[in-house]
file protein.cif (mmCIF, C-alpha atoms and all ligand atoms)
data_input
#
loop_
_atom_site.label_atom_id
_atom_site.label_comp_id
_atom_site.auth_asym_id
_atom_site.auth_seq_id
_atom_site.Cartn_x
_atom_site.Cartn_y
_atom_site.Cartn_z
CA MET A 1 137.57 103.22 76.65
CA ARG A 2 135.92 102.64 80.00
CA PHE A 3 138.61 100.10 80.83
CA ALA A 4 141.43 102.54 80.03
CA LYS A 5 139.78 105.18 82.22
CA LEU A 6 139.49 102.71 85.10
CA VAL A 7 143.16 101.81 84.96
CA ALA A 8 144.26 105.45 84.76
CA LEU A 9 142.03 106.53 87.61
CA SER A 10 143.04 103.61 89.79
CA THR A 11 146.71 104.61 89.42
CA ILE A 12 145.89 108.16 90.52
CA LEU A 13 143.76 106.92 93.41
CA LEU A 14 146.39 104.50 94.62
CA CYS A 15 148.92 107.33 94.71
CA ALA A 16 146.50 109.65 96.48
CA ALA A 17 145.67 107.01 99.06
CA THR A 18 149.25 106.21 99.89
CA THR A 19 150.78 109.69 99.87
CA SER A 20 148.17 111.78 101.68
CA GLY A 21 147.39 111.37 105.34
CA TYR A 22 144.32 113.60 104.96
CA ALA A 23 141.14 111.58 104.40
CA ALA A 24 139.23 113.85 102.03
CA THR A 25 136.92 111.57 100.08
CA GLY A 26 134.49 108.94 101.28
CA ALA A 27 136.74 106.24 99.84
CA GLU A 28 139.75 107.63 101.70
CA ARG A 29 137.77 107.82 104.94
CA HIS A 30 136.77 104.18 104.46
CA VAL A 31 140.33 103.12 103.72
CA ALA A 32 141.44 104.99 106.87
CA LYS A 33 138.94 102.86 108.84
CA GLY A 34 140.39 99.67 107.36
CA VAL A 35 137.86 99.23 104.50
CA LYS A 36 140.22 98.35 101.68
CA CYS A 37 139.61 99.12 98.00
CA GLU A 38 138.89 95.44 97.33
CA ILE A 39 135.97 95.39 99.78
CA CYS A 40 134.10 97.85 97.54
CA HIS A 41 135.59 96.89 94.18
CA GLY A 42 136.29 93.18 94.35
CA PRO A 43 139.67 91.46 94.13
CA ASP A 44 140.40 92.03 90.41
CA LYS A 45 142.24 95.38 90.32
CA ALA A 46 142.30 95.40 86.51
CA ASN A 47 138.52 95.15 86.42
CA PRO A 48 137.05 96.94 89.46
CA GLN A 49 133.36 96.32 90.17
CA LEU A 50 131.19 99.26 91.21
CA PRO A 51 129.61 98.74 94.64
CA THR A 52 125.82 98.60 94.89
CA ILE A 53 123.57 98.93 97.92
CA ASP A 54 124.14 95.20 98.60
CA ASN A 55 127.80 95.90 99.19
CA CYS A 56 127.12 98.87 101.50
CA LYS A 57 124.55 96.80 103.41
CA THR A 58 127.15 94.27 104.47
CA CYS A 59 128.40 96.89 106.97
CA HIS A 60 125.65 99.51 107.20
CA ASP A 61 122.36 98.29 108.67
CA ILE A 62 119.70 100.14 106.66
CA LYS A 63 116.95 99.96 109.29
CA ALA A 64 119.31 101.41 111.88
CA LEU A 65 120.41 104.09 109.43
CA VAL A 66 116.83 105.11 108.60
CA GLU A 67 116.13 105.30 112.32
CA LYS A 68 119.25 107.38 112.99
CA THR A 69 118.39 110.00 110.35
CA LYS A 70 114.62 110.07 110.91
CA ASN A 71 114.68 113.61 112.36
CA ILE A 72 116.67 115.20 109.53
CA LYS A 73 114.76 118.22 108.21
CA PRO A 74 112.88 118.60 105.98
CA THR A 75 112.75 114.82 105.42
CA ASN A 76 114.73 111.65 106.01
CA PRO A 77 117.29 111.27 103.19
CA HIS A 78 117.35 107.49 103.69
CA VAL A 79 113.69 106.80 102.96
CA SER A 80 111.27 108.25 100.43
CA PRO A 81 107.89 107.49 98.88
CA HIS A 82 109.63 106.79 95.56
CA TYR A 83 112.45 104.46 96.56
CA GLN A 84 111.59 103.55 100.17
CA ASP A 85 114.95 102.60 101.71
CA GLN A 86 116.30 100.93 98.59
CA LEU A 87 117.88 103.78 96.61
CA ASP A 88 121.47 102.89 95.74
CA CYS A 89 123.64 104.68 98.30
CA VAL A 90 126.17 105.90 95.76
CA ASN A 91 123.56 108.12 94.08
CA CYS A 92 124.42 110.53 96.92
CA HIS A 93 127.52 109.19 98.65
CA TYR A 94 130.00 109.50 95.79
CA MET A 95 133.13 107.93 97.11
CA HIS A 96 135.84 109.62 95.06
CA GLU A 97 134.16 112.90 94.19
CA GLU A 98 132.03 115.54 95.89
CA PRO A 99 128.91 113.80 97.19
CA VAL A 100 125.60 114.72 95.57
CA ASN A 101 122.12 115.49 96.87
CA PHE A 102 120.22 113.24 94.48
CA CYS A 103 116.76 114.37 95.69
CA ASP A 104 117.40 117.99 94.76
CA GLN A 105 117.13 117.23 91.06
CA CYS A 106 113.42 117.69 91.85
CA HIS A 107 113.15 118.95 95.46
CA THR A 108 114.93 121.64 97.47
CA PHE A 109 115.75 119.68 100.64
CA GLY A 110 119.28 121.10 100.88
CA PHE A 111 120.82 117.94 102.42
CA LYS A 112 124.51 118.07 103.28
CA VAL A 113 125.67 114.62 102.15
CA PRO A 114 128.86 113.33 103.84
C1 LIG A 201 133.55 96.73 105.29
C2 LIG A 201 132.56 97.60 105.91
C3 LIG A 201 132.01 98.78 105.12
C4 LIG A 201 131.47 98.80 103.84
C5 LIG A 201 131.37 97.65 102.85
C6 LIG A 201 130.98 100.15 103.63
N1 LIG A 201 131.22 100.92 104.74
FE1 LIG A 201 130.68 102.87 105.02
N2 LIG A 201 131.62 102.90 106.80
C7 LIG A 201 132.28 101.83 107.37
C8 LIG A 201 132.95 102.27 108.59
C9 LIG A 201 133.77 101.39 109.53
C10 LIG A 201 132.66 103.65 108.71
C11 LIG A 201 133.11 104.58 109.81
C12 LIG A 201 132.10 104.53 110.90
C13 LIG A 201 132.48 105.43 112.03
O1 LIG A 201 133.52 106.10 111.98
O2 LIG A 201 131.69 105.48 112.98
C14 LIG A 201 131.81 104.01 107.58
C15 LIG A 201 131.28 105.27 107.39
C16 LIG A 201 130.43 105.61 106.35
C17 LIG A 201 129.77 106.89 106.20
C18 LIG A 201 129.84 108.03 107.21
C19 LIG A 201 130.45 109.28 106.70
C20 LIG A 201 131.87 109.13 106.21
O3 LIG A 201 132.02 109.15 104.97
O4 LIG A 201 132.82 109.00 106.99
C21 LIG A 201 129.04 106.82 105.04
C22 LIG A 201 128.20 107.92 104.43
C23 LIG A 201 129.24 105.50 104.47
N3 LIG A 201 130.08 104.80 105.29
C24 LIG A 201 128.69 105.05 103.30
C25 LIG A 201 128.98 103.84 102.69
C26 LIG A 201 128.52 103.45 101.37
C27 LIG A 201 127.68 104.31 100.48
C28 LIG A 201 128.98 102.19 101.14
C29 LIG A 201 128.82 101.34 99.89
C30 LIG A 201 129.37 101.94 98.66
C31 LIG A 201 129.75 101.79 102.32
N4 LIG A 201 129.72 102.81 103.22
C32 LIG A 201 130.36 100.56 102.48
C33 LIG A 201 132.29 100.54 106.92
C34 LIG A 201 131.85 100.13 105.66
C1 LIG A 202 119.38 110.95 99.01
C2 LIG A 202 120.78 110.94 99.33
C3 LIG A 202 121.28 109.79 100.17
C4 LIG A 202 121.24 108.45 99.88
C5 LIG A 202 120.67 107.77 98.64
C6 LIG A 202 121.88 107.78 100.97
N1 LIG A 202 122.30 108.69 101.89
FE1 LIG A 202 123.38 108.33 103.55
N2 LIG A 202 123.27 110.28 104.10
C7 LIG A 202 122.66 111.26 103.37
C8 LIG A 202 122.68 112.51 104.12
C9 LIG A 202 122.09 113.85 103.67
C10 LIG A 202 123.33 112.23 105.33
C11 LIG A 202 123.64 113.21 106.46
C12 LIG A 202 122.54 113.14 107.47
C13 LIG A 202 122.83 114.13 108.56
O1 LIG A 202 122.73 115.32 108.31
O2 LIG A 202 123.17 113.69 109.67
C14 LIG A 202 123.71 110.82 105.28
C15 LIG A 202 124.39 110.15 106.28
C16 LIG A 202 124.80 108.84 106.19
C17 LIG A 202 125.62 108.16 107.18
C18 LIG A 202 126.13 108.77 108.48
C19 LIG A 202 125.03 108.59 109.48
C20 LIG A 202 125.45 109.05 110.86
O3 LIG A 202 124.95 110.10 111.29
O4 LIG A 202 126.26 108.37 111.47
C21 LIG A 202 125.81 106.88 106.75
C22 LIG A 202 126.58 105.77 107.45
C23 LIG A 202 125.10 106.75 105.50
N3 LIG A 202 124.51 107.95 105.20
C24 LIG A 202 125.04 105.59 104.78
C25 LIG A 202 124.21 105.40 103.68
C26 LIG A 202 123.95 104.12 103.07
C27 LIG A 202 124.56 102.80 103.51
C28 LIG A 202 123.08 104.34 102.04
C29 LIG A 202 122.42 103.32 101.14
C30 LIG A 202 121.59 102.35 101.83
C31 LIG A 202 122.81 105.78 102.01
N4 LIG A 202 123.49 106.38 103.04
C32 LIG A 202 122.02 106.42 101.06
C33 LIG A 202 122.13 111.13 102.11
C34 LIG A 202 121.93 109.93 101.45
C1 LIG A 203 133.36 102.49 100.41
C2 LIG A 203 133.52 101.94 99.08
C3 LIG A 203 134.74 102.32 98.26
C4 LIG A 203 136.06 102.23 98.62
C5 LIG A 203 136.66 101.83 99.95
C6 LIG A 203 136.81 102.56 97.44
N1 LIG A 203 135.95 102.87 96.41
FE1 LIG A 203 136.48 103.25 94.47
N2 LIG A 203 134.54 103.66 94.00
C7 LIG A 203 133.48 103.55 94.86
C8 LIG A 203 132.31 104.09 94.21
C9 LIG A 203 130.93 104.18 94.83
C10 LIG A 203 132.69 104.49 92.91
C11 LIG A 203 131.81 105.18 91.85
C12 LIG A 203 132.26 106.64 91.62
C13 LIG A 203 132.23 107.48 92.88
O1 LIG A 203 131.44 107.21 93.77
O2 LIG A 203 133.03 108.44 93.00
C14 LIG A 203 134.10 104.18 92.80
C15 LIG A 203 134.86 104.38 91.67
C16 LIG A 203 136.17 103.96 91.53
C17 LIG A 203 136.90 103.93 90.28
C18 LIG A 203 136.38 104.40 88.94
C19 LIG A 203 135.39 103.48 88.35
C20 LIG A 203 134.65 104.14 87.17
O3 LIG A 203 133.84 103.46 86.56
O4 LIG A 203 134.88 105.32 86.86
C21 LIG A 203 138.15 103.43 90.55
C22 LIG A 203 139.26 103.17 89.58
C23 LIG A 203 138.21 103.20 91.99
N3 LIG A 203 136.97 103.51 92.55
C24 LIG A 203 139.33 102.74 92.67
C25 LIG A 203 139.43 102.65 94.05
C26 LIG A 203 140.68 102.42 94.78
C27 LIG A 203 142.05 102.21 94.14
C28 LIG A 203 140.34 102.38 96.11
C29 LIG A 203 141.25 102.21 97.33
C30 LIG A 203 142.22 103.28 97.50
C31 LIG A 203 138.91 102.58 96.21
N4 LIG A 203 138.40 102.76 94.95
C32 LIG A 203 138.20 102.56 97.37
C33 LIG A 203 133.53 103.01 96.13
C34 LIG A 203 134.68 102.75 96.87
C1 LIG A 204 112.74 112.78 89.51
C2 LIG A 204 112.19 113.73 90.47
C3 LIG A 204 112.24 113.34 91.94
C4 LIG A 204 113.32 112.87 92.66
C5 LIG A 204 114.74 112.56 92.17
C6 LIG A 204 112.86 112.74 94.02
N1 LIG A 204 111.56 113.13 94.13
FE1 LIG A 204 110.43 113.15 95.81
N2 LIG A 204 108.81 113.77 94.76
C7 LIG A 204 108.80 114.04 93.41
C8 LIG A 204 107.44 114.42 93.01
C9 LIG A 204 107.02 114.83 91.61
C10 LIG A 204 106.67 114.34 94.18
C11 LIG A 204 105.16 114.63 94.30
C12 LIG A 204 104.87 116.08 94.27
C13 LIG A 204 105.23 116.73 95.55
O1 LIG A 204 104.56 116.46 96.57
O2 LIG A 204 106.23 117.51 95.60
C14 LIG A 204 107.55 113.94 95.27
C15 LIG A 204 107.16 113.80 96.58
C16 LIG A 204 107.99 113.47 97.64
C17 LIG A 204 107.59 113.41 99.02
C18 LIG A 204 106.19 113.63 99.58
C19 LIG A 204 105.77 115.06 99.45
C20 LIG A 204 106.76 116.03 100.05
O3 LIG A 204 107.32 116.85 99.27
O4 LIG A 204 106.94 116.03 101.26
C21 LIG A 204 108.70 113.09 99.75
C22 LIG A 204 108.82 112.91 101.26
C23 LIG A 204 109.80 112.94 98.80
N3 LIG A 204 109.34 113.18 97.54
C24 LIG A 204 111.07 112.59 99.16
C25 LIG A 204 112.11 112.41 98.26
C26 LIG A 204 113.46 112.00 98.65
C27 LIG A 204 113.92 111.76 100.07
C28 LIG A 204 114.17 111.93 97.49
C29 LIG A 204 115.62 111.51 97.34
C30 LIG A 204 115.95 110.22 97.95
C31 LIG A 204 113.30 112.27 96.38
N4 LIG A 204 112.06 112.57 96.90
C32 LIG A 204 113.67 112.31 95.06
C33 LIG A 204 109.87 113.97 92.56
C34 LIG A 204 111.15 113.49 92.88
#

call {"tool": "encode", "arguments": {"input": "protein.cif", "output": "structure tokens", "more": "lines below"}}
Ligand code: HEC
Ligand code: HEC
Ligand code: HEC
Ligand code: HEC
result
Amino acid sequence: MRFAKLVALSTILLCAATTSGYAATGAERHVAKGVKCEICHGPDKANPQLPTIDNCKTCHDIKALVEKTKNIKPTNPHVSPHYQDQLDCVNCHYMHEEPVNFCDQCHTFGFKVP
């Protein structure tokens, strides 16, 4: 079931990525910067892996990121008393769908997640 969904979605995504010049989703913006699908999903197209924070960290320096967003009001989205700086990035930065403000399940920070 999950496998069938993966294959179907990957066909749609491949079409979207090759036919539209407009980089709407995070994945498309990454592809436009040369970050290919395989960098996030691994080489096996039939069995794509979901990227974790370890994958994101290979390009995004977390300490630098925390520093860069330290003045975001009302609080830094990249560090919290619950998860420190180790919350999996894709809890907020959905790459093929509207991003999500994970914290606002419980808070009302109103972050605009890119
Ligand atoms: C191979 C390197 C690479 C990997 C792996 C990578 N990124 Fe990026 N990311 C980039 C580059 C390059 C940019 C564009 C930076 C710029 O334009 O200044 C970027 C930009 C972003 C941005 C800025 C806003 C936007 O969407 O344009 C976010 C958020 C982001 N990445 C999140 C992630 C997350 C989450 C992951 C893991 C799922 C990830 N990245 C994995 C290279 C990478
Ligand atoms: C709680 C939600 C959340 C999580 C989890 C999260 N981010 Fe973000 N991220 C944000 C928000 C909100 C912004 C926009 C900050 C702003 O307004 O400038 C952002 C901005 C960014 C940017 C752009 C920074 C800039 O100004 O150039 C990058 C890159 C990024 N995040 C990468 C990551 C990576 C990598 C991880 C995992 C280590 C991660 N984020 C985890 C919410 C999140
Ligand atoms: C920057 C990392 C990144 C890039 C680049 C990226 N993806 Fe993804 N992909 C994700 C993340 C994270 C998810 C989890 C769902 C979401 O965030 O929307 C995902 C989900 C998927 C899924 C669905 C998996 C599931 O379990 O539902 C497929 C299929 C997929 N991506 C294919 C692609 C294809 C094809 C490309 C190249 C055009 C691509 N992705 C580029 C990060 C990426
Ligand atoms: C499952 C619910 C939940 C989620 C999700 C959650 N928090 Fe919290 N958070 C709480 C509770 C409960 C407290 C303690 C009570 C309080 O002070 O509001 C708290 C307290 C805090 C505090 C200290 C007090 C304050 O409100 O200033 C910060 C900072 C904070 N959270 C940041 C975050 C950030 C950033 C995220 C997302 C990365 C997040 N939280 C996600 C439930 C949550």

call {"tool": "atom_distance", "arguments": {"input": "protein.cif", "atom1": "atom C10 of ligand LIG 202 (chain A)", "atom2": "CA of Gln49 in chain A"}}
result
24.2 Å

call {"tool": "residues_around", "arguments": {"input": "protein.cif", "residues": "Ala27 in chain A", "least_positions_apart": "5", "cutoff": "10 Å", "atoms": "all atoms listed in the file", "output": "JSON, numbers by chain"}}
result
{"A": [13, 17, 32, 33, 35, 36, 37, 40, 93, 94, 95, 96, 97]}

call {"tool": "closest_atom_pairs", "arguments": {"input": "protein.cif", "of": "chain A", "to": "ligand LIG 204 (chain A)", "cutoff": "10 Å", "atoms": "all atoms listed in the file", "output": "CSV"}}
result
residue,atom,partner,partner_atom,distance
A:Pro74,CA,A:LIG204,O4,8.0
A:Thr75,CA,A:LIG204,C22,6.0
A:Asn76,CA,A:LIG204,C27,6.0
A:Pro77,CA,A:LIG204,C27,4.6
A:His78,CA,A:LIG204,C30,6.5
A:Val79,CA,A:LIG204,C27,5.7
A:Ser80,CA,A:LIG204,C27,4.4
A:Pro81,CA,A:LIG204,C21,5.7
A:His82,CA,A:LIG204,N4,6.4
A:Tyr83,CA,A:LIG204,C30,6.9
A:Gln84,CA,A:LIG204,C30,8.3
A:Asp85,CA,A:LIG204,C30,8.6
A:Gln86,CA,A:LIG204,C30,9.3
A:Leu87,CA,A:LIG204,C30,6.9
A:Asp88,CA,A:LIG204,C30,9.4
A:Cys89,CA,A:LIG204,C30,9.5
A:Asn91,CA,A:LIG204,C30,8.8
A:Cys92,CA,A:LIG204,C30,8.5
A:Asn101,CA,A:LIG204,C29,7.6
A:Phe102,CA,A:LIG204,C29,5.7
A:Cys103,CA,A:LIG204,C29,3.5
A:Asp104,CA,A:LIG204,C5,6.6
A:Gln105,CA,A:LIG204,C5,5.4
A:Cys106,CA,A:LIG204,C2,4.4
A:His107,CA,A:LIG204,N1,6.2
A:Thr108,CA,A:LIG204,O3,9.2
A:Phe109,CA,A:LIG204,C27,8.1
A:Phe111,CA,A:LIG204,C27,9.6

call {"tool": "closest_residue", "arguments": {"input": "protein.cif", "among": "A:Lys112, A:Lys45, A:Lys73, A:Lys63", "to": "ligand LIG 201 (chain A)", "atoms": "only C-alpha atoms and all ligand atoms"}}
result
A:Lys112

call {"tool": "closest_residue", "arguments": {"input": "protein.cif", "among": "A:Glu67, A:Asp61, A:Glu98, A:Asp44", "to": "ligand LIG 203 (chain A)", "atoms": "all atoms listed in the file"}}
result
A:Glu98

call {"tool": "closest_atom_pairs", "arguments": {"input": "protein.cif", "of": "chain A", "to": "ligand LIG 201 (chain A)", "cutoff": "7 Å", "atoms": "only C-alpha atoms and all ligand atoms", "output": "JSON lines"}}
result
{"residue": "A:Gly26", "atom": "CA", "partner": "A:LIG201", "partner_atom": "O3", "distance": 4.4}
{"residue": "A:Arg29", "atom": "CA", "partner": "A:LIG201", "partner_atom": "O4", "distance": 5.5}
{"residue": "A:His30", "atom": "CA", "partner": "A:LIG201", "partner_atom": "N2", "distance": 5.8}
{"residue": "A:Lys33", "atom": "CA", "partner": "A:LIG201", "partner_atom": "C9", "distance": 5.4}
{"residue": "A:Val35", "atom": "CA", "partner": "A:LIG201", "partner_atom": "C1", "distance": 5.0}
{"residue": "A:Ile39", "atom": "CA", "partner": "A:LIG201", "partner_atom": "C5", "distance": 6.0}
{"residue": "A:Cys40", "atom": "CA", "partner": "A:LIG201", "partner_atom": "C5", "distance": 6.0}
{"residue": "A:Pro51", "atom": "CA", "partner": "A:LIG201", "partner_atom": "C30", "distance": 5.1}
{"residue": "A:Thr52", "atom": "CA", "partner": "A:LIG201", "partner_atom": "C30", "distance": 6.2}
{"residue": "A:Ile53", "atom": "CA", "partner": "A:LIG201", "partner_atom": "C29", "distance": 6.1}
{"residue": "A:Asn55", "atom": "CA", "partner": "A:LIG201", "partner_atom": "C5", "distance": 5.4}
{"residue": "A:Cys56", "atom": "CA", "partner": "A:LIG201", "partner_atom": "C29", "distance": 3.4}
{"residue": "A:Lys57", "atom": "CA", "partner": "A:LIG201", "partner_atom": "C5", "distance": 6.9}
{"residue": "A:Thr58", "atom": "CA", "partner": "A:LIG201", "partner_atom": "C5", "distance": 5.6}
{"residue": "A:Cys59", "atom": "CA", "partner": "A:LIG201", "partner_atom": "C2", "distance": 4.4}
{"residue": "A:His60", "atom": "CA", "partner": "A:LIG201", "partner_atom": "N1", "distance": 6.3}
{"residue": "A:Cys89", "atom": "CA", "partner": "A:LIG201", "partner_atom": "C27", "distance": 4.6}
{"residue": "A:Val90", "atom": "CA", "partner": "A:LIG201", "partner_atom": "C27", "distance": 5.2}
{"residue": "A:His93", "atom": "CA", "partner": "A:LIG201", "partner_atom": "C27", "distance": 5.2}
{"residue": "A:Pro114", "atom": "CA", "partner": "A:LIG201", "partner_atom": "C19", "distance": 5.2}

call {"tool": "axis_aligned_box", "arguments": {"input": "protein.cif", "around": "ligand LIG 202 (chain A)", "padding_each_side": "8 Å", "output": "AutoDock Vina command-line options"}}
result
--center_x 123.0 --center_y 108.8 --center_z 105.1 --size_x 23.2 --size_y 29.0 --size_z 28.8

call {"tool": "closest_residue", "arguments": {"input": "protein.cif", "among": "A:Val66, A:Pro43, A:Pro99, A:Ala24", "to": "ligand LIG 203 (chain A)", "atoms": "all atoms listed in the file"}}
result
A:Pro99

call {"tool": "atom_distance", "arguments": {"input": "protein.cif", "atom1": "atom O2 of ligand LIG 202 (chain A)", "atom2": "CA of Thr69 in chain A"}}
result
6.1 Å

call {"tool": "closest_residue", "arguments": {"input": "protein.cif", "among": "A:Gly110, A:Gly42, A:Val31, A:Leu65", "to": "ligand LIG 203 (chain A)", "atoms": "only C-alpha atoms and all ligand atoms"}}
result
A:Val31

call {"tool": "decode", "arguments": {"input": "protein.cif", "residues": "range 47-68 of chain A", "atoms": "N, CA and C atoms", "output": "short mmCIF file (atom, residue, chain, number, x, y, z; two decimals), in the first residue's frame"}}
result
data_model
loop_
_atom_site.label_atom_id
_atom_site.label_comp_id
_atom_site.auth_asym_id
_atom_site.auth_seq_id
_atom_site.Cartn_x
_atom_site.Cartn_y
_atom_site.Cartn_z
N ASN A 47 12.31 2.64 -4.08
CA ASN A 47 12.17 2.52 -2.63
C ASN A 47 12.78 3.75 -1.95
N PRO A 48 12.16 4.94 -2.17
CA PRO A 48 12.78 6.16 -1.65
C PRO A 48 12.82 6.20 -0.11
N GLN A 49 13.96 6.58 0.42
CA GLN A 49 14.10 6.76 1.87
C GLN A 49 13.61 8.16 2.24
N LEU A 50 13.05 8.30 3.45
CA LEU A 50 12.66 9.64 3.89
C LEU A 50 13.83 10.29 4.62
N PRO A 51 14.17 11.53 4.27
CA PRO A 51 15.33 12.17 4.89
C PRO A 51 15.07 12.52 6.36
N THR A 52 16.07 12.33 7.19
CA THR A 52 16.01 12.72 8.59
C THR A 52 16.91 13.95 8.77
N ILE A 53 16.99 14.41 10.00
CA ILE A 53 17.85 15.55 10.33
C ILE A 53 19.31 15.28 9.91
N ASP A 54 19.73 14.03 9.96
CA ASP A 54 21.13 13.71 9.59
C ASP A 54 21.39 14.06 8.13
N ASN A 55 20.39 13.83 7.30
CA ASN A 55 20.53 14.17 5.89
C ASN A 55 20.61 15.70 5.74
N CYS A 56 19.69 16.42 6.36
CA CYS A 56 19.67 17.89 6.24
C CYS A 56 20.97 18.50 6.74
N LYS A 57 21.51 17.89 7.81
CA LYS A 57 22.74 18.40 8.44
C LYS A 57 23.96 18.32 7.53
N THR A 58 23.91 17.46 6.53
CA THR A 58 25.09 17.36 5.66
C THR A 58 25.30 18.68 4.91
N CYS A 59 24.24 19.48 4.74
CA CYS A 59 24.40 20.78 4.07
C CYS A 59 24.10 21.96 4.99
N HIS A 60 23.19 21.78 5.94
CA HIS A 60 22.78 22.89 6.79
C HIS A 60 23.44 22.74 8.16
N ASP A 61 24.32 23.68 8.49
CA ASP A 61 25.00 23.67 9.78
C ASP A 61 24.02 24.14 10.86
N ILE A 62 23.70 23.25 11.80
CA ILE A 62 22.62 23.56 12.75
C ILE A 62 23.01 24.69 13.70
N LYS A 63 24.25 24.72 14.15
CA LYS A 63 24.67 25.81 15.05
C LYS A 63 24.53 27.15 14.36
N ALA A 64 24.95 27.20 13.09
CA ALA A 64 24.84 28.45 12.32
C ALA A 64 23.38 28.83 12.11
N LEU A 65 22.54 27.81 11.89
CA LEU A 65 21.12 28.06 11.67
C LEU A 65 20.46 28.62 12.94
N VAL A 66 20.76 28.01 14.07
CA VAL A 66 20.21 28.46 15.36
C VAL A 66 20.63 29.91 15.61
N GLU A 67 21.88 30.21 15.29
CA GLU A 67 22.40 31.56 15.45
C GLU A 67 21.65 32.54 14.52
N LYS A 68 21.45 32.12 13.30
CA LYS A 68 20.81 33.00 12.31
C LYS A 68 19.38 33.35 12.68
#
